[in-house]
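Only one structure is covered here, and it is reproduced in the block below.
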Amino acid sequence: VALTLAATLGVASAAGAFGTFKPKADYAVADPLGLAVADFNGDGRRDLAAASPNYDLVAILLGKKNGKFAPAQNYPVGTGTGPYDVAAGDFNSDGRPDVAVTEITINKVAIMLAKKGGKLGAPTSYPVGIGPYGVTVGDVNGDGRPDVTTVNRLDSSISLRLGKKNGRLGSEQVYGSGIDPYYAVSRDFDADGYSDVAVAAYGAGLVAVRFGKKNGTLSAITVIPTGAFSGPYVITSADFNRDHRPDIATGNYDDGTVSVILAKKNRKFAAVKSLPVVETIYAIGAADFNLDKRPDLVLGDHNNGYAYVLRGKKGVKFGAPVPYPIGYGVYEIVTGKFNSDKAPDFASTNSSDDTVSVLLNK
């Protein structure tokens, strides 16, 4: 798929079918960057958590009927901590998703346990590597408790801490990640029951995969190049070829492409497929927006205030990018079912506009 930016700025496809989106609804959040989706108050509706590093807080937006959200409730993380990215997991096994948030200024990750009504408790912080940007949650050792991995850009590492009882985290394990990493995703790529970690290493032009083990450690690194001068910045996962294995897609900031990497048997990955799309990809998500059982992609352009939806096709191909206005300075996109219909929606953090945008599927 090759499409210039000028060509994409047309009208989105006709209304009335899933896979197209209503105009955005904006919600005020101060300088939001990281974004996560979960049902924090247990009412059966998806809520949003956004990290605001310049205001040292995590904002919770509780989902309401018809895909609307309540005004943000702000929870302090600590003065000068710089909360940057967020992920959700039930760390204390009480049935409520909690929040893991990277504290980029002080090189820590904090766990904020959820309370009744979707409120967050005070943070408990744990040291990690230098410059923790991204955070991802999975079950590396298969014990049923979520484990936390941070992506430490300034020392080119990831830090793994296993989940313990009562919402605590275990000791830090440090692994190399490739030069200049930003974000990671945790999925079971080899279908062995243990979550693995895939890291987008921007400076190295590659994805670094480490496989989870029963003893709670990670394997030696598997390197998947995304191309010279590609700059893989963000990463997501979905089963793009419908073989029941999660695959990988990266948004490549430097050359404006998306790399699709298919997982195979025996911890192998197929050759990278590159899709030229937009120039300043800062956010990526995947979901089956049109309910055809093929994952679609949604990308956020940091500079022009648009998200682009690429419809998945047979043979791991994608349709032309369809633009939807969101807000300027997008940092992250998440997907989820925000209203009562069957189709996934998406939301973005827009740091320049101090908003979170929600776009509901038609």
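Simple scheme: letters A, B, ... for chains in structure tokens order, numbers from 1 for residues in each chain, numbers from 1 for ligands in the order shown.
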Please provide as a ChimeraX atom specification all residues within 8 Å of range 344-356 of chain A, with the sequence filter that same-chain residues fewer than 3 positions apart are discarded (counting only C-alpha atoms). /A:21,26-35,50,287-289,300,326-338,359-361
Excluding Gly167 in chain A and its own-chain neighbours fewer than 6 positions away, which residues fall within 8 Å of it when counting only C-alpha atoms? Please give them as a PDB file with N, CA, C and O atoms, in the first residue's frame.
ATOM      1  N   ASP A  90      -4.524  -6.786  36.782  1.00  0.00           N
ATOM      2  CA  ASP A  90      -5.065  -6.991  38.129  1.00  0.00           C
ATOM      3  C   ASP A  90      -3.951  -7.535  39.028  1.00  0.00           C
ATOM      4  O   ASP A  90      -3.823  -8.735  39.248  1.00  0.00           O
ATOM      5  N   PHE A  91      -3.158  -6.641  39.583  1.00  0.00           N
ATOM      6  CA  PHE A  91      -1.940  -7.028  40.297  1.00  0.00           C
ATOM      7  C   PHE A  91      -2.215  -7.642  41.664  1.00  0.00           C
ATOM      8  O   PHE A  91      -1.396  -8.424  42.159  1.00  0.00           O
ATOM      9  N   ASN A  92      -3.335  -7.305  42.289  1.00  0.00           N
ATOM     10  CA  ASN A  92      -3.631  -7.863  43.608  1.00  0.00           C
ATOM     11  C   ASN A  92      -4.767  -8.881  43.588  1.00  0.00           C
ATOM     12  O   ASN A  92      -5.275  -9.272  44.643  1.00  0.00           O
ATOM     13  N   SER A  93      -5.169  -9.307  42.398  1.00  0.00           N
ATOM     14  CA  SER A  93      -6.148 -10.398  42.238  1.00  0.00           C
ATOM     15  C   SER A  93      -7.466 -10.138  42.952  1.00  0.00           C
ATOM     16  O   SER A  93      -8.084 -11.055  43.495  1.00  0.00           O
ATOM     17  N   ILE A 111       3.002   1.004  40.744  1.00  0.00           N
ATOM     18  CA  ILE A 111       1.730   0.285  40.715  1.00  0.00           C
ATOM     19  C   ILE A 111       0.726   1.083  41.536  1.00  0.00           C
ATOM     20  O   ILE A 111       0.982   1.422  42.696  1.00  0.00           O
ATOM     21  N   LEU A 113      -3.060   0.651  42.767  1.00  0.00           N
ATOM     22  CA  LEU A 113      -4.124  -0.329  42.892  1.00  0.00           C
ATOM     23  C   LEU A 113      -5.496   0.348  42.812  1.00  0.00           C
ATOM     24  O   LEU A 113      -5.709   1.406  43.404  1.00  0.00           O
TER      25      LEU A 113
END
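Considering the residues A:Gly305, A:Gly227, A:Gly118, A:Gly80 and counting only C-alpha atoms, Ala204 in chain A has its shortest atom-to-atom contact with A:Gly227.
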Give the strand (DSSP E or B) residues of range 192-361 of chain A, as assigned by DSSP on the backbone, as a VMD selection string. chain A and resid 196 to 201 206 to 210 212 218 222 to 225 232 to 238 247 to 252 257 to 261 263 269 273 to 276 281 to 287 296 to 301 306 to 310 312 to 313 317 to 318 322 to 325 330 to 336 345 to 350 355 to 359 361
Shell of 12 Å around Val209 in chain A, only C-alpha atoms, local chain residues under 6 positions omitted, as a compact mmCIF listing (two decimals) with N, CA and C atoms, in the first residue's frame:
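So the final result, stored in part.txt, reads:
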# COMPACT_ATOMS: atom_id res chain seq x y z
N ILE A 158 15.41 -3.55 28.82
CA ILE A 158 14.08 -3.73 29.39
C ILE A 158 14.26 -4.26 30.81
N TYR A 175 17.46 -6.93 30.78
CA TYR A 175 17.83 -7.58 29.53
C TYR A 175 18.10 -6.50 28.47
N GLY A 176 19.03 -6.79 27.57
CA GLY A 176 19.26 -5.90 26.44
C GLY A 176 18.09 -5.91 25.48
N SER A 177 17.92 -4.78 24.76
CA SER A 177 16.74 -4.62 23.92
C SER A 177 17.03 -4.15 22.51
N GLY A 178 18.27 -3.83 22.19
CA GLY A 178 18.55 -3.10 20.97
C GLY A 178 18.59 -1.62 21.27
N ALA A 184 7.03 -1.63 23.92
CA ALA A 184 7.03 -3.09 23.82
C ALA A 184 5.61 -3.60 23.92
N VAL A 185 5.45 -4.86 23.54
CA VAL A 185 4.17 -5.55 23.69
C VAL A 185 4.44 -6.94 24.23
N SER A 186 3.57 -7.43 25.10
CA SER A 186 3.74 -8.74 25.72
C SER A 186 2.62 -9.66 25.24
N ARG A 187 3.00 -10.72 24.50
CA ARG A 187 2.06 -11.72 23.99
C ARG A 187 2.74 -13.08 24.00
N ASP A 188 1.97 -14.13 23.84
CA ASP A 188 2.52 -15.49 23.79
C ASP A 188 2.75 -15.88 22.33
N PHE A 189 3.87 -15.43 21.77
CA PHE A 189 4.13 -15.62 20.34
C PHE A 189 4.39 -17.09 19.98
N ASP A 190 4.94 -17.87 20.89
CA ASP A 190 5.25 -19.27 20.59
C ASP A 190 4.24 -20.25 21.17
N SER A 195 3.97 -15.61 28.54
CA SER A 195 4.03 -14.37 27.77
C SER A 195 5.46 -14.06 27.37
N ASP A 196 5.61 -13.58 26.16
CA ASP A 196 6.89 -13.14 25.62
C ASP A 196 6.88 -11.62 25.51
N VAL A 197 8.02 -11.03 25.21
CA VAL A 197 8.13 -9.58 25.11
C VAL A 197 8.79 -9.22 23.78
N ALA A 198 8.12 -8.35 23.01
CA ALA A 198 8.67 -7.84 21.75
C ALA A 198 8.86 -6.33 21.91
N VAL A 199 10.07 -5.86 21.58
CA VAL A 199 10.45 -4.46 21.79
C VAL A 199 10.73 -3.80 20.44
N ALA A 200 10.21 -2.61 20.23
CA ALA A 200 10.55 -1.80 19.07
C ALA A 200 11.80 -0.99 19.40
N ALA A 201 12.93 -1.38 18.79
CA ALA A 201 14.21 -0.71 19.03
C ALA A 201 14.44 0.30 17.92
N LEU A 218 13.52 -14.50 30.90
CA LEU A 218 13.34 -14.36 29.46
C LEU A 218 14.50 -15.01 28.71
N SER A 219 14.22 -15.45 27.51
CA SER A 219 15.20 -16.17 26.69
C SER A 219 16.24 -15.21 26.11
N ALA A 220 17.19 -15.79 25.39
CA ALA A 220 18.12 -15.00 24.58
C ALA A 220 17.32 -14.24 23.52
N ILE A 221 17.92 -13.19 23.02
CA ILE A 221 17.22 -12.28 22.12
C ILE A 221 17.08 -12.87 20.72
N THR A 222 15.93 -12.65 20.11
CA THR A 222 15.69 -12.92 18.70
C THR A 222 15.53 -11.58 18.01
N VAL A 223 16.35 -11.32 16.99
CA VAL A 223 16.39 -10.02 16.33
C VAL A 223 15.67 -10.09 14.98
N ILE A 224 14.76 -9.15 14.75
CA ILE A 224 14.02 -9.08 13.49
C ILE A 224 14.20 -7.68 12.92
N PRO A 225 15.08 -7.51 11.91
CA PRO A 225 15.29 -6.17 11.32
C PRO A 225 14.03 -5.67 10.61
N ILE A 235 4.62 -0.25 18.63
CA ILE A 235 4.43 -1.67 18.33
C ILE A 235 3.08 -2.13 18.83
N ASP A 247 0.76 -11.97 15.95
CA ASP A 247 1.82 -11.42 15.12
C ASP A 247 2.17 -10.02 15.61
N ILE A 248 3.06 -9.36 14.91
CA ILE A 248 3.60 -8.06 15.35
C ILE A 248 3.46 -7.05 14.23
N ILE A 261 5.07 -8.45 10.94
CA ILE A 261 5.95 -9.58 11.21
C ILE A 261 5.10 -10.74 11.69
N ALA A 263 4.31 -14.41 13.17
CA ALA A 263 4.88 -15.46 14.02
C ALA A 263 4.66 -16.83 13.37
N ARG A 267 9.33 -20.71 17.33
CA ARG A 267 9.90 -19.41 17.67
C ARG A 267 10.55 -18.71 16.47
N LYS A 268 9.99 -18.95 15.31
CA LYS A 268 10.47 -18.31 14.10
C LYS A 268 9.49 -17.22 13.67
N PHE A 269 9.97 -16.29 12.85
CA PHE A 269 9.14 -15.22 12.31
C PHE A 269 9.37 -15.12 10.81
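Between Ser159 in chain A and the residues A:Val135, A:Ile179, A:Leu120, A:Ala110, the shortest atom-to-atom distance, using only C-alpha atoms, involves A:Val135.
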Best match for closeness to Pro232 in chain A among A:Lys273, A:Gly256, A:Arg145, A:Ser340, counting only C-alpha atoms: A:Gly256
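Across A:Pro23, A:Val358, A:Ala283, A:Leu154, the tightest approach to Val37 in chain A is made by A:Val358 when counting only C-alpha atoms.
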